[in-house]
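Shown next: start_21.txt, containing compact mmCIF, C-alpha atoms.
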# COMPACT_ATOMS: atom_id res chain seq x y z
CA MET A 13 -1.77 4.67 68.25
CA THR A 14 -4.22 6.92 70.07
CA ALA A 15 -5.98 9.86 68.43
CA CYS A 16 -3.87 12.31 70.39
CA GLN A 17 -0.65 10.60 69.31
CA SER A 18 -1.63 10.54 65.63
CA ASN A 19 -2.07 14.32 65.55
CA PRO A 20 1.32 15.98 66.12
CA GLN A 21 -0.23 19.52 66.14
CA PRO A 22 -3.29 19.16 68.41
CA ARG A 23 -5.86 21.93 68.44
CA ALA A 24 -5.50 24.55 71.14
CA PHE A 25 -8.89 23.56 72.49
CA SER A 26 -12.46 22.73 71.66
CA GLY A 27 -11.95 19.82 69.30
CA SER A 28 -14.90 17.44 69.26
CA ALA A 29 -12.95 14.80 71.22
CA ASP A 30 -12.12 17.37 73.94
CA VAL A 31 -15.74 18.54 74.17
CA LEU A 32 -16.95 14.93 74.42
CA PHE A 33 -14.35 14.23 77.11
CA ALA A 34 -15.45 17.36 79.01
CA HIS A 35 -19.00 16.01 79.10
CA GLN A 36 -17.79 12.60 80.30
CA LEU A 37 -15.68 14.30 82.96
CA TRP A 38 -18.68 16.33 84.15
CA GLN A 39 -20.73 13.14 84.46
CA ALA A 40 -17.98 11.46 86.49
CA MET A 41 -17.69 14.51 88.78
CA GLU A 42 -21.47 14.66 89.14
CA ALA A 43 -21.61 10.96 90.10
CA LYS A 44 -19.12 11.73 92.91
CA HIS A 45 -21.20 14.77 93.99
CA LEU A 46 -18.42 17.21 93.16
CA VAL A 47 -20.59 19.28 90.80
CA GLY A 48 -24.27 19.74 90.10
CA LYS A 49 -27.30 20.05 92.33
CA GLN A 50 -26.11 17.42 94.81
CA SER A 51 -22.52 18.69 95.12
CA ILE A 52 -20.92 18.38 98.53
CA PRO A 53 -19.88 21.64 100.18
CA LEU A 54 -16.17 22.25 100.52
CA THR A 55 -14.31 24.81 102.62
CA PRO A 56 -14.45 28.22 100.92
CA PHE A 57 -11.49 30.59 101.12
CA PHE A 58 -10.42 33.94 99.65
CA GLY A 59 -8.82 33.43 96.22
CA GLY A 60 -9.05 36.70 94.35
CA ALA A 61 -7.27 35.87 91.08
CA LYS A 62 -8.89 36.21 87.66
CA PRO A 63 -10.29 34.31 85.85
CA HIS A 64 -11.14 32.41 89.01
CA GLY A 65 -13.36 33.68 91.76
CA MET A 66 -12.86 36.02 94.67
CA ILE A 67 -13.88 33.07 96.83
CA LEU A 68 -12.82 29.53 95.93
CA GLU A 69 -13.38 25.93 96.93
CA ILE A 70 -10.85 23.33 95.79
CA TYR A 71 -11.04 19.56 95.58
CA HIS A 72 -8.20 17.29 94.48
CA HIS A 73 -8.17 13.53 94.22
CA LYS A 74 -8.00 10.73 91.68
CA LEU A 75 -11.11 10.32 89.53
CA THR A 76 -11.96 7.66 86.97
CA VAL A 77 -13.33 8.85 83.64
CA GLY A 78 -14.07 5.98 81.28
CA ASN A 79 -11.15 3.57 81.67
CA HIS A 80 -8.65 6.16 82.89
CA LYS A 81 -7.95 7.06 86.50
CA GLY A 82 -6.42 10.52 86.55
CA PHE A 83 -5.71 13.23 89.08
CA LEU A 84 -8.40 15.92 89.26
CA ILE A 85 -8.08 19.43 90.60
CA LEU A 86 -11.49 21.07 90.71
CA LYS A 87 -11.97 24.72 91.56
CA ARG A 88 -15.40 26.20 92.29
CA ASN A 89 -15.27 29.92 91.57
CA TYR A 90 -17.55 32.34 93.42
CA ASN A 91 -18.11 36.00 92.53
CA GLY A 92 -20.76 38.70 92.76
CA LYS A 93 -21.87 41.66 94.80
CA GLY A 94 -21.44 40.93 98.48
CA VAL A 95 -19.40 37.76 97.94
CA SER A 96 -17.42 36.62 100.96
CA VAL A 97 -16.55 33.34 102.64
CA LYS A 98 -19.55 33.85 104.89
CA THR A 99 -22.06 34.62 102.10
CA VAL A 100 -20.81 31.71 99.98
CA SER A 101 -21.14 29.36 102.96
CA ARG A 102 -24.76 30.51 103.33
CA ASN A 103 -25.73 30.46 99.65
CA ARG A 104 -23.27 28.74 97.28
CA LYS A 105 -25.75 28.66 94.39
CA LYS A 106 -26.15 32.45 94.38
CA TYR A 107 -22.41 33.14 93.98
CA LEU A 108 -21.13 30.16 91.96
CA THR A 109 -20.03 31.55 88.58
CA SER A 110 -17.87 28.77 87.15
CA ILE A 111 -16.10 25.50 87.78
CA THR A 112 -12.60 25.14 86.41
CA ILE A 113 -10.71 21.89 86.28
CA MET A 114 -7.32 20.39 85.58
CA TYR A 115 -7.41 16.66 84.93
CA LYS A 116 -4.35 14.49 84.33
CA ARG A 117 -5.07 12.54 81.16
CA GLU A 118 -3.32 9.46 79.80
CA ALA A 119 0.24 9.55 78.52
CA GLY A 120 0.40 11.07 75.04
CA TYR A 121 -2.43 13.56 75.51
CA ASP A 122 -0.17 16.62 75.90
CA GLU A 123 3.25 15.49 77.12
CA ALA A 124 4.72 19.01 76.96
CA ASN A 125 2.20 20.15 79.59
CA LEU A 126 2.09 17.09 81.87
CA ASN A 127 -0.95 15.69 79.97
CA PHE A 128 -3.34 18.10 81.68
CA PHE A 129 -6.83 18.56 80.28
CA TRP A 130 -8.47 21.88 81.18
CA ALA A 131 -12.12 22.93 81.14
CA ARG A 132 -14.22 25.85 82.29
CA TYR A 133 -17.83 24.94 83.05
CA LYS A 134 -20.88 26.99 83.88
CA PRO A 135 -22.68 25.89 87.06
CA ASP A 136 -25.14 23.84 84.94
CA GLY A 137 -22.30 21.81 83.36
CA SER A 138 -22.27 23.51 79.98
CA LEU A 139 -18.93 24.80 78.76
CA PHE A 140 -17.96 28.44 78.52
CA THR A 141 -17.05 29.63 75.04
CA LYS A 142 -14.43 31.97 73.63
CA GLU A 143 -14.59 33.69 70.27
CA MET A 144 -11.52 33.17 68.14
CA SER A 145 -11.19 33.87 64.43
CA GLY A 146 -14.91 34.55 64.19
CA ARG A 147 -15.90 31.21 65.76
CA LYS A 148 -17.20 30.40 69.22
CA LEU A 149 -15.15 27.60 70.68
CA GLN A 150 -15.92 25.67 73.85
CA LEU A 151 -13.34 25.90 76.62
CA ALA A 152 -12.18 22.30 76.93
CA GLY A 153 -8.86 20.67 76.17
CA ARG A 154 -5.42 22.25 75.91
CA LEU A 155 -6.36 25.79 76.99
CA ILE A 156 -4.84 27.67 75.04
CA LYS A 157 -1.94 25.75 73.50
CA GLY A 158 0.37 27.63 71.19
CA LYS A 159 2.77 26.25 68.60
CA ASP A 160 5.47 26.16 71.27
CA ARG A 161 5.60 26.57 75.05
CA ALA A 162 6.46 30.28 74.73
CA SER A 163 3.28 31.01 72.75
CA ASN A 164 0.87 29.30 75.16
CA LYS A 165 -1.92 31.48 76.53
CA GLY A 166 -4.80 31.07 78.96
CA CYS A 167 -4.63 28.21 81.45
CA LEU A 168 -1.36 26.77 80.12
CA TYR A 169 0.44 30.11 80.17
CA CYS A 170 -0.65 31.04 83.66
CA HIS A 171 -0.22 27.64 85.30
CA ALA A 172 3.23 27.13 83.73
CA SER A 173 4.37 29.90 86.09
CA ALA A 174 3.38 27.92 89.19
CA GLY A 175 6.44 27.05 91.24
CA GLY A 176 7.72 23.49 91.16
CA GLY A 177 6.90 22.73 87.52
CA ASP A 178 3.69 20.85 88.29
CA TYR A 179 1.25 23.59 87.07
CA ILE A 180 -0.29 23.72 90.57
CA PHE A 181 -0.27 26.95 92.58
CA TYR A 182 -1.11 25.33 95.92
CA PRO A 183 1.93 23.70 97.58
CA ASP A 184 -0.26 21.40 99.67
CA ILE A 185 -1.58 19.72 96.50
CA LYS A 186 0.93 17.16 95.25
CA LEU A 187 0.61 15.64 91.81
CA PRO A 188 0.91 11.84 92.17
CA GLY A 189 3.94 10.44 90.36
CA PHE A 190 5.52 13.87 89.82
CA HIS A 191 9.17 14.09 90.84
CA TYR A 192 9.47 17.13 93.10
CA ARG A 193 12.88 18.55 93.90
CA GLU A 194 13.83 18.71 97.55
CA GLN A 195 14.01 22.29 98.79

Before anything else, please render the file you have as C-alpha cells.
Amino acid sequence: MTACQSNPQPRAFSGSADVLFAHQLWQAMEAKHLVGKQSIPLTPFFGGAKPHGMILEIYHHKLTVGNHKGFLILKRNYNGKGVSVKTVSRNRKKYLTSITIMYKREAGYDEANLNFFWARYKPDGSLFTKEMSGRKLQLAGRLIKGKDRASNKGCLYCHASAGGGDYIFYPDIKLPGFHYREQ
C-alpha cells in the first residue's frame, strides 16, 4: 500500500511528502531545461487570468520524476509594469513571477481529482507559501483539497470548472489516457 493510499483523508497541501515531490519535480523540469537559468523559451501569449500571469507560456508533455512517467502541464506566468508579449519575448527574466504546474501522479494519489499534483514555484524554484490557521504552508500537492469536491478551493476548485472534465482549460492539450466525449 502506498503512503497516499494509507491516508484516506490526505492533507490539502504542503505535507512533507508533497514538498519533497515538488523539489524532485523541479529537478526533473530543470534537467529538461523547462525551468531555471537554462530554460528554453516558449511562445508567449496573452493569458490574463489570476492567479496566473497576464502573459503566459505553456508546455505540456510526459515527464519522468523518479520512477513515474506522468503528464506535465507547466505554465510560466509573467506580470509587471509594461508586460506584453513583446516585452516578455525580449526579457523573460524581468517579468517571470511564478511557474505553476499540474502533474499527473500515479494511481491512488488523488483519484477524485484525476491524480493531479499541483505546485506554485517562484522563479528560483522555491515554493510559494500561503498562511492558513496561523501557519505558513508551501503550495505543493492537492491545492486546496476540501473534505468533498464541493469544498475544494484554489487550483482544484478553479480547474474543476474547465470543460471536458480533464481540469485543463486549453482544448488543444489532451490528457493521455483520458476518455473524452465526442462533441

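Residues with any atom within 8 Å of segment 94-104 of chain A, counting only C-alpha atoms and excluding same-chain neighbours fewer than 2 positions away, are Pro56, Phe57, Phe58, Met66, Ile67, Tyr90, Asn91, Gly92, Lys106, Tyr107 and Leu108 of chain A.
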
Each segment 58-84 of chain A residue no farther than 10 Å from segment 169-193 of chain A, nearest pair in Å, all atoms listed in the file, as JSON lines:
{"residue": "A:Ile70", "atom": "CA", "partner": "A:Tyr182", "partner_atom": "CA", "distance": 9.9}
{"residue": "A:Tyr71", "atom": "CA", "partner": "A:Ile185", "partner_atom": "CA", "distance": 9.5}
{"residue": "A:His72", "atom": "CA", "partner": "A:Ile185", "partner_atom": "CA", "distance": 7.3}
{"residue": "A:His73", "atom": "CA", "partner": "A:Ile185", "partner_atom": "CA", "distance": 9.3}
{"residue": "A:Lys74", "atom": "CA", "partner": "A:Pro188", "partner_atom": "CA", "distance": 9.0}
{"residue": "A:Gly82", "atom": "CA", "partner": "A:Pro188", "partner_atom": "CA", "distance": 9.3}
{"residue": "A:Phe83", "atom": "CA", "partner": "A:Leu187", "partner_atom": "CA", "distance": 7.3}
{"residue": "A:Leu84", "atom": "CA", "partner": "A:Leu187", "partner_atom": "CA", "distance": 9.4}

Quiz item: Which polymer residues have any atom within 10 Å of an atom of Leu149 of chain A, counting all atoms listed in the file, with same-chain residues fewer than 2 positions away left out, as a ChimeraX atom specification?
Solution: /A:25-27,31,139-147,151-152

Quiz prompt | Straight-line distance linking atom CA of Asp30 of chain A with atom CA of Pro53 of chain A, stated in Å to one decimal | solution = 27.7 Å

Quiz item: For the atom pair atom CA of Asp136 of chain A and atom CA of Lys49 of chain A, what is the interatomic distance in Å to one decimal place?
Solution: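 So the answer is 8.6 Å.
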